[in-house]
Amino acid sequence: MKILTESFVVSTTGKGTYEITEEIESIVSKSNINEGVATVFVRHTSCSLIVMENADFSARTDLHAFFDELVPEDTPYFVHTYEGGDDMPSHIRMCLTDVDKNIPIIDGKMVLGTWQGLFLFEHRRAPHKRSIAVAVSGI
Amino acid sequence: MKILTESFVVSTTGKGTYEITEEIESIVSKSNINEGVATVFVRHTSCSLIVMENADFSARTDLHAFFDELVPEDTPYFVHTYEGGDDMPSHIRMCLTDVDKNIPIIDGKMVLGTWQGLFLFEHRRAPHKRSIAVAVSGI
Amino acid sequence: MKILTESFVVSTTGKGTYEITEEIESIVSKSNINEGVATVFVRHTSCSLIVMENADFSARTDLHAFFDELVPEDTPYFVHTYEGGDDMPSHIRMCLTDVDKNIPIIDGKMVLGTWQGLFLFEHRRAPHKRSIAVAVSGI
């Protein structure tokens, strides 16, 4: 059995989705693991990880708009607002999506479907450095 | 350490939830793994995987209705609508639920609780063939 | 390769979030695994697992309030209400968050970020005993 763990940083420039599929594929490839699982984890509470359609950008535009509507920045009853109007919505949007993704590896490749990409979903307005940890295990 | 990877297809006939617990249990059983983890992953961006109560169908009826209300098909600001009114809501409902589930295996069985079943959550109106990949690893 | 599987019970006293980070860290530490993954799974359909900010309690207060608004107990079209007004909302809040979390282990420790804690998110009003299963695997 082999395990490769690795971390990398994504620099975000505001709210939106940032594709990280290639970074993960490159770590899986380096692991030389043929059958197993890639576990991807983002180490923050105001951004998240999603698998999303990566062909047509408009799908992500609508996704961003929907989350802005679902968890509005001006929600009147929020008390956790020290860091601004995007503080609490960021935590909630993170909880509604996810911090970890686990993708089986078959024949040396992640089994992502044709239209699936892995994205960091940044929920804060200001630029951030986001740390992502990856563990690839298998044989 | 042992790993068994396998894929199978679920044919859906429209929006709703389709139980796949038995298919996953059968793969776990075939793996002969006693202690480990089963990773289940759906390879699409317009359906998802959920763990849901599997005893009383009315719980899933309400779940379907809730998601229809939460992400309405006639959302006026959606621009990603090439494939119809259920196109963009499908991607969002997928992001709000999940594409992967990871269940510990103890004493040769997944530790699903008494009322927990694994379901494919189909978000498209038209019939689809949905590919699900499974990796079981452990000892 | 090593695997340690273990289960424990959290006694909840009503709706809210209950931190379980120390319980999981203690199992990871006992495993003596240096590089790998910790898989945490809650065996119920009316509570869930989240990774959430664990420094300032007000973030969780707002999270609780948001979920009460998003999935209201008095939703008029719910039919799955045998166990009371918090029955169906519990299942939906579970689906909108998650039942499993997978955290890479690097240098003998889970890679949780500075502000990340693991929490059981109880969605029922009455006290419950909640069973959580953990599988730690790696080298």
# chains A, B, ... in the order shown; residues from 1 in each chain; ligands from 1
call {"tool": "residues_around", "arguments": {"residues": "Gly85 (chain A)", "least_positions_apart": "3", "cutoff": "9 Å", "atoms": "only C-alpha atoms", "output": "ChimeraX atom specification"}}
result
/A:72-75,81-82,88-89
call {"tool": "closest_atom_pairs", "arguments": {"of": "region 17-129 of chain C", "to": "region 51-70 of chain B", "cutoff": "9 Å", "atoms": "only C-alpha atoms", "output": "JSON lines"}}
result
{"residue": "C:His44", "atom": "CA", "partner": "B:Glu53", "partner_atom": "CA", "distance": 8.3}
{"residue": "C:Thr45", "atom": "CA", "partner": "B:Glu53", "partner_atom": "CA", "distance": 5.8}
{"residue": "C:Ser46", "atom": "CA", "partner": "B:Glu53", "partner_atom": "CA", "distance": 8.7}
{"residue": "C:Leu70", "atom": "CA", "partner": "B:Leu70", "partner_atom": "CA", "distance": 8.7}
{"residue": "C:Val71", "atom": "CA", "partner": "B:Phe66", "partner_atom": "CA", "distance": 8.4}
{"residue": "C:Tyr77", "atom": "CA", "partner": "B:Asp62", "partner_atom": "CA", "distance": 7.6}
{"residue": "C:Phe78", "atom": "CA", "partner": "B:Asp62", "partner_atom": "CA", "distance": 5.6}
{"residue": "C:Val79", "atom": "CA", "partner": "B:Ser58", "partner_atom": "CA", "distance": 6.6}
{"residue": "C:His80", "atom": "CA", "partner": "B:Ala59", "partner_atom": "CA", "distance": 5.4}
{"residue": "C:Thr81", "atom": "CA", "partner": "B:Ala59", "partner_atom": "CA", "distance": 8.8}
{"residue": "C:Met88", "atom": "CA", "partner": "B:Ala59", "partner_atom": "CA", "distance": 6.6}
{"residue": "C:His91", "atom": "CA", "partner": "B:Met52", "partner_atom": "CA", "distance": 7.3}
{"residue": "C:Ile92", "atom": "CA", "partner": "B:Leu63", "partner_atom": "CA", "distance": 6.4}
{"residue": "C:Met94", "atom": "CA", "partner": "B:Met52", "partner_atom": "CA", "distance": 8.5}
{"residue": "C:Cys95", "atom": "CA", "partner": "B:Val51", "partner_atom": "CA", "distance": 7.3}
{"residue": "C:Asp98", "atom": "CA", "partner": "B:Val51", "partner_atom": "CA", "distance": 8.6}
{"residue": "C:Val99", "atom": "CA", "partner": "B:Val51", "partner_atom": "CA", "distance": 7.5}
call {"tool": "select_by_dssp", "arguments": {"residues": "chain B", "states": "helix (DSSP H, G or I)", "output": "ChimeraX atom specification"}}
result
/B:21-31,57-70,87-96
call {"tool": "write_last_selection", "arguments": {"atoms": "C-alpha atoms", "output": "PDB file, in the first residue's frame"}}
result
ATOM      1  CA  THR B  21     -27.716   0.394  -0.570  1.00  0.00           C
ATOM      2  CA  GLU B  22     -27.866  -3.228  -1.733  1.00  0.00           C
ATOM      3  CA  GLU B  23     -25.524  -2.627  -4.670  1.00  0.00           C
ATOM      4  CA  ILE B  24     -22.928  -1.088  -2.338  1.00  0.00           C
ATOM      5  CA  GLU B  25     -23.373  -3.804   0.308  1.00  0.00           C
ATOM      6  CA  SER B  26     -22.811  -6.424  -2.331  1.00  0.00           C
ATOM      7  CA  ILE B  27     -19.518  -4.828  -3.433  1.00  0.00           C
ATOM      8  CA  VAL B  28     -18.368  -4.504   0.204  1.00  0.00           C
ATOM      9  CA  SER B  29     -19.226  -8.156   0.773  1.00  0.00           C
ATOM     10  CA  LYS B  30     -17.319  -9.233  -2.353  1.00  0.00           C
ATOM     11  CA  SER B  31     -14.233  -7.295  -1.180  1.00  0.00           C
ATOM     12  CA  PHE B  57     -41.262   6.850   1.761  1.00  0.00           C
ATOM     13  CA  SER B  58     -43.035  10.059   2.882  1.00  0.00           C
ATOM     14  CA  ALA B  59     -39.715  11.413   4.175  1.00  0.00           C
ATOM     15  CA  ARG B  60     -38.358  11.306   0.629  1.00  0.00           C
ATOM     16  CA  THR B  61     -41.562  12.813  -0.813  1.00  0.00           C
ATOM     17  CA  ASP B  62     -41.068  15.832   1.445  1.00  0.00           C
ATOM     18  CA  LEU B  63     -37.375  15.982   0.575  1.00  0.00           C
ATOM     19  CA  HIS B  64     -38.171  16.115  -3.150  1.00  0.00           C
ATOM     20  CA  ALA B  65     -40.767  18.845  -2.552  1.00  0.00           C
ATOM     21  CA  PHE B  66     -38.365  20.869  -0.417  1.00  0.00           C
ATOM     22  CA  PHE B  67     -35.634  20.881  -3.069  1.00  0.00           C
ATOM     23  CA  ASP B  68     -38.189  21.902  -5.711  1.00  0.00           C
ATOM     24  CA  GLU B  69     -39.057  24.917  -3.538  1.00  0.00           C
ATOM     25  CA  LEU B  70     -35.492  25.750  -2.501  1.00  0.00           C
ATOM     26  CA  ASP B  87     -30.713  22.237 -16.015  1.00  0.00           C
ATOM     27  CA  MET B  88     -29.301  24.807 -13.584  1.00  0.00           C
ATOM     28  CA  PRO B  89     -31.411  23.708 -10.579  1.00  0.00           C
ATOM     29  CA  SER B  90     -29.861  20.241 -11.033  1.00  0.00           C
ATOM     30  CA  HIS B  91     -26.324  21.557 -10.657  1.00  0.00           C
ATOM     31  CA  ILE B  92     -27.243  23.595  -7.582  1.00  0.00           C
ATOM     32  CA  ARG B  93     -29.138  20.744  -5.905  1.00  0.00           C
ATOM     33  CA  MET B  94     -26.093  18.546  -6.537  1.00  0.00           C
ATOM     34  CA  CYS B  95     -23.821  21.124  -4.838  1.00  0.00           C
ATOM     35  CA  LEU B  96     -26.215  21.448  -1.867  1.00  0.00           C
TER      36      LEU B  96
END
call {"tool": "closest_residue", "arguments": {"among": "C:Asn102, C:Thr5, C:Ser137, C:Thr97", "to": "Val40 (chain C)", "atoms": "only C-alpha atoms"}}
result
C:Asn102
call {"tool": "closest_residue", "arguments": {"among": "B:Val37, B:Met1, B:Ile50, B:Ala126", "to": "chain A", "atoms": "only C-alpha atoms"}}
result
B:Met1
call {"tool": "select_by_dssp", "arguments": {"residues": "region 58-138 of chain B", "states": "strand (DSSP E or B)", "output": "PDB file with N, CA and C atoms, in the first residue's frame"}}
result
ATOM      1  N   ASP B 100     -20.131  12.418  -3.111  1.00  0.00           N
ATOM      2  CA  ASP B 100     -19.398  11.286  -2.539  1.00  0.00           C
ATOM      3  C   ASP B 100     -19.882  11.002  -1.127  1.00  0.00           C
ATOM      4  N   LYS B 101     -19.835   9.732  -0.772  1.00  0.00           N
ATOM      5  CA  LYS B 101     -20.151   9.305   0.591  1.00  0.00           C
ATOM      6  C   LYS B 101     -19.103   8.277   0.990  1.00  0.00           C
ATOM      7  N   ASN B 102     -18.673   8.330   2.242  1.00  0.00           N
ATOM      8  CA  ASN B 102     -17.617   7.456   2.740  1.00  0.00           C
ATOM      9  C   ASN B 102     -18.095   6.815   4.028  1.00  0.00           C
ATOM     10  N   ILE B 103     -18.204   5.491   4.001  1.00  0.00           N
ATOM     11  CA  ILE B 103     -18.808   4.788   5.131  1.00  0.00           C
ATOM     12  C   ILE B 103     -17.787   3.808   5.716  1.00  0.00           C
ATOM     13  N   PRO B 104     -17.444   3.973   7.000  1.00  0.00           N
ATOM     14  CA  PRO B 104     -16.548   3.007   7.636  1.00  0.00           C
ATOM     15  C   PRO B 104     -17.132   1.593   7.568  1.00  0.00           C
ATOM     16  N   ILE B 105     -16.240   0.620   7.468  1.00  0.00           N
ATOM     17  CA  ILE B 105     -16.602  -0.805   7.510  1.00  0.00           C
ATOM     18  C   ILE B 105     -16.035  -1.376   8.809  1.00  0.00           C
ATOM     19  N   ILE B 106     -16.889  -1.961   9.615  1.00  0.00           N
ATOM     20  CA  ILE B 106     -16.465  -2.598  10.871  1.00  0.00           C
ATOM     21  C   ILE B 106     -17.073  -4.000  10.899  1.00  0.00           C
ATOM     22  N   LYS B 109     -18.964  -5.134   7.698  1.00  0.00           N
ATOM     23  CA  LYS B 109     -20.185  -4.467   7.230  1.00  0.00           C
ATOM     24  C   LYS B 109     -20.063  -2.947   7.353  1.00  0.00           C
ATOM     25  N   MET B 110     -20.692  -2.240   6.403  1.00  0.00           N
ATOM     26  CA  MET B 110     -20.784  -0.794   6.533  1.00  0.00           C
ATOM     27  C   MET B 110     -21.576  -0.453   7.787  1.00  0.00           C
ATOM     28  N   GLN B 116     -30.700   4.287   7.921  1.00  0.00           N
ATOM     29  CA  GLN B 116     -29.933   4.936   6.851  1.00  0.00           C
ATOM     30  C   GLN B 116     -29.845   4.083   5.597  1.00  0.00           C
ATOM     31  N   GLY B 117     -30.200   4.657   4.466  1.00  0.00           N
ATOM     32  CA  GLY B 117     -29.975   4.039   3.169  1.00  0.00           C
ATOM     33  C   GLY B 117     -29.196   4.989   2.284  1.00  0.00           C
ATOM     34  N   LEU B 118     -28.497   4.435   1.306  1.00  0.00           N
ATOM     35  CA  LEU B 118     -27.784   5.255   0.315  1.00  0.00           C
ATOM     36  C   LEU B 118     -28.686   5.417  -0.910  1.00  0.00           C
ATOM     37  N   PHE B 119     -28.801   6.657  -1.384  1.00  0.00           N
ATOM     38  CA  PHE B 119     -29.678   6.937  -2.515  1.00  0.00           C
ATOM     39  C   PHE B 119     -28.979   7.779  -3.574  1.00  0.00           C
ATOM     40  N   LEU B 120     -29.266   7.452  -4.826  1.00  0.00           N
ATOM     41  CA  LEU B 120     -28.964   8.367  -5.923  1.00  0.00           C
ATOM     42  C   LEU B 120     -30.112   9.362  -5.983  1.00  0.00           C
ATOM     43  N   PHE B 121     -29.790  10.656  -5.958  1.00  0.00           N
ATOM     44  CA  PHE B 121     -30.792  11.723  -6.013  1.00  0.00           C
ATOM     45  C   PHE B 121     -30.747  12.303  -7.430  1.00  0.00           C
ATOM     46  N   GLU B 122     -31.708  11.901  -8.242  1.00  0.00           N
ATOM     47  CA  GLU B 122     -31.755  12.358  -9.648  1.00  0.00           C
ATOM     48  C   GLU B 122     -32.467  13.710  -9.708  1.00  0.00           C
ATOM     49  N   HIS B 128     -32.029   9.008 -17.351  1.00  0.00           N
ATOM     50  CA  HIS B 128     -30.575   9.081 -17.511  1.00  0.00           C
ATOM     51  C   HIS B 128     -29.945   7.766 -17.053  1.00  0.00           C
ATOM     52  N   LYS B 129     -28.758   7.486 -17.615  1.00  0.00           N
ATOM     53  CA  LYS B 129     -27.908   6.407 -17.115  1.00  0.00           C
ATOM     54  C   LYS B 129     -26.860   7.059 -16.225  1.00  0.00           C
ATOM     55  N   ARG B 130     -26.823   6.710 -14.960  1.00  0.00           N
ATOM     56  CA  ARG B 130     -25.909   7.345 -14.007  1.00  0.00           C
ATOM     57  C   ARG B 130     -24.841   6.364 -13.570  1.00  0.00           C
ATOM     58  N   SER B 131     -23.579   6.749 -13.737  1.00  0.00           N
ATOM     59  CA  SER B 131     -22.459   5.890 -13.393  1.00  0.00           C
ATOM     60  C   SER B 131     -21.963   6.188 -11.972  1.00  0.00           C
ATOM     61  N   ILE B 132     -21.862   5.130 -11.189  1.00  0.00           N
ATOM     62  CA  ILE B 132     -21.424   5.245  -9.795  1.00  0.00           C
ATOM     63  C   ILE B 132     -20.165   4.403  -9.617  1.00  0.00           C
ATOM     64  N   ALA B 133     -19.117   5.022  -9.074  1.00  0.00           N
ATOM     65  CA  ALA B 133     -17.858   4.307  -8.825  1.00  0.00           C
ATOM     66  C   ALA B 133     -17.713   4.058  -7.330  1.00  0.00           C
ATOM     67  N   VAL B 134     -17.175   2.891  -6.992  1.00  0.00           N
ATOM     68  CA  VAL B 134     -17.002   2.501  -5.595  1.00  0.00           C
ATOM     69  C   VAL B 134     -15.567   2.032  -5.388  1.00  0.00           C
ATOM     70  N   ALA B 135     -14.948   2.479  -4.295  1.00  0.00           N
ATOM     71  CA  ALA B 135     -13.641   1.949  -3.895  1.00  0.00           C
ATOM     72  C   ALA B 135     -13.775   1.479  -2.450  1.00  0.00           C
ATOM     73  N   VAL B 136     -13.495   0.193  -2.226  1.00  0.00           N
ATOM     74  CA  VAL B 136     -13.514  -0.357  -0.870  1.00  0.00           C
ATOM     75  C   VAL B 136     -12.075  -0.672  -0.505  1.00  0.00           C
ATOM     76  N   SER B 137     -11.595  -0.116   0.600  1.00  0.00           N
ATOM     77  CA  SER B 137     -10.206  -0.385   0.981  1.00  0.00           C
ATOM     78  C   SER B 137     -10.123  -0.707   2.465  1.00  0.00           C
ATOM     79  N   GLY B 138      -9.175  -1.567   2.808  1.00  0.00           N
ATOM     80  CA  GLY B 138      -9.030  -1.939   4.210  1.00  0.00           C
ATOM     81  C   GLY B 138      -8.280  -3.247   4.348  1.00  0.00           C
TER      82      GLY B 138
END
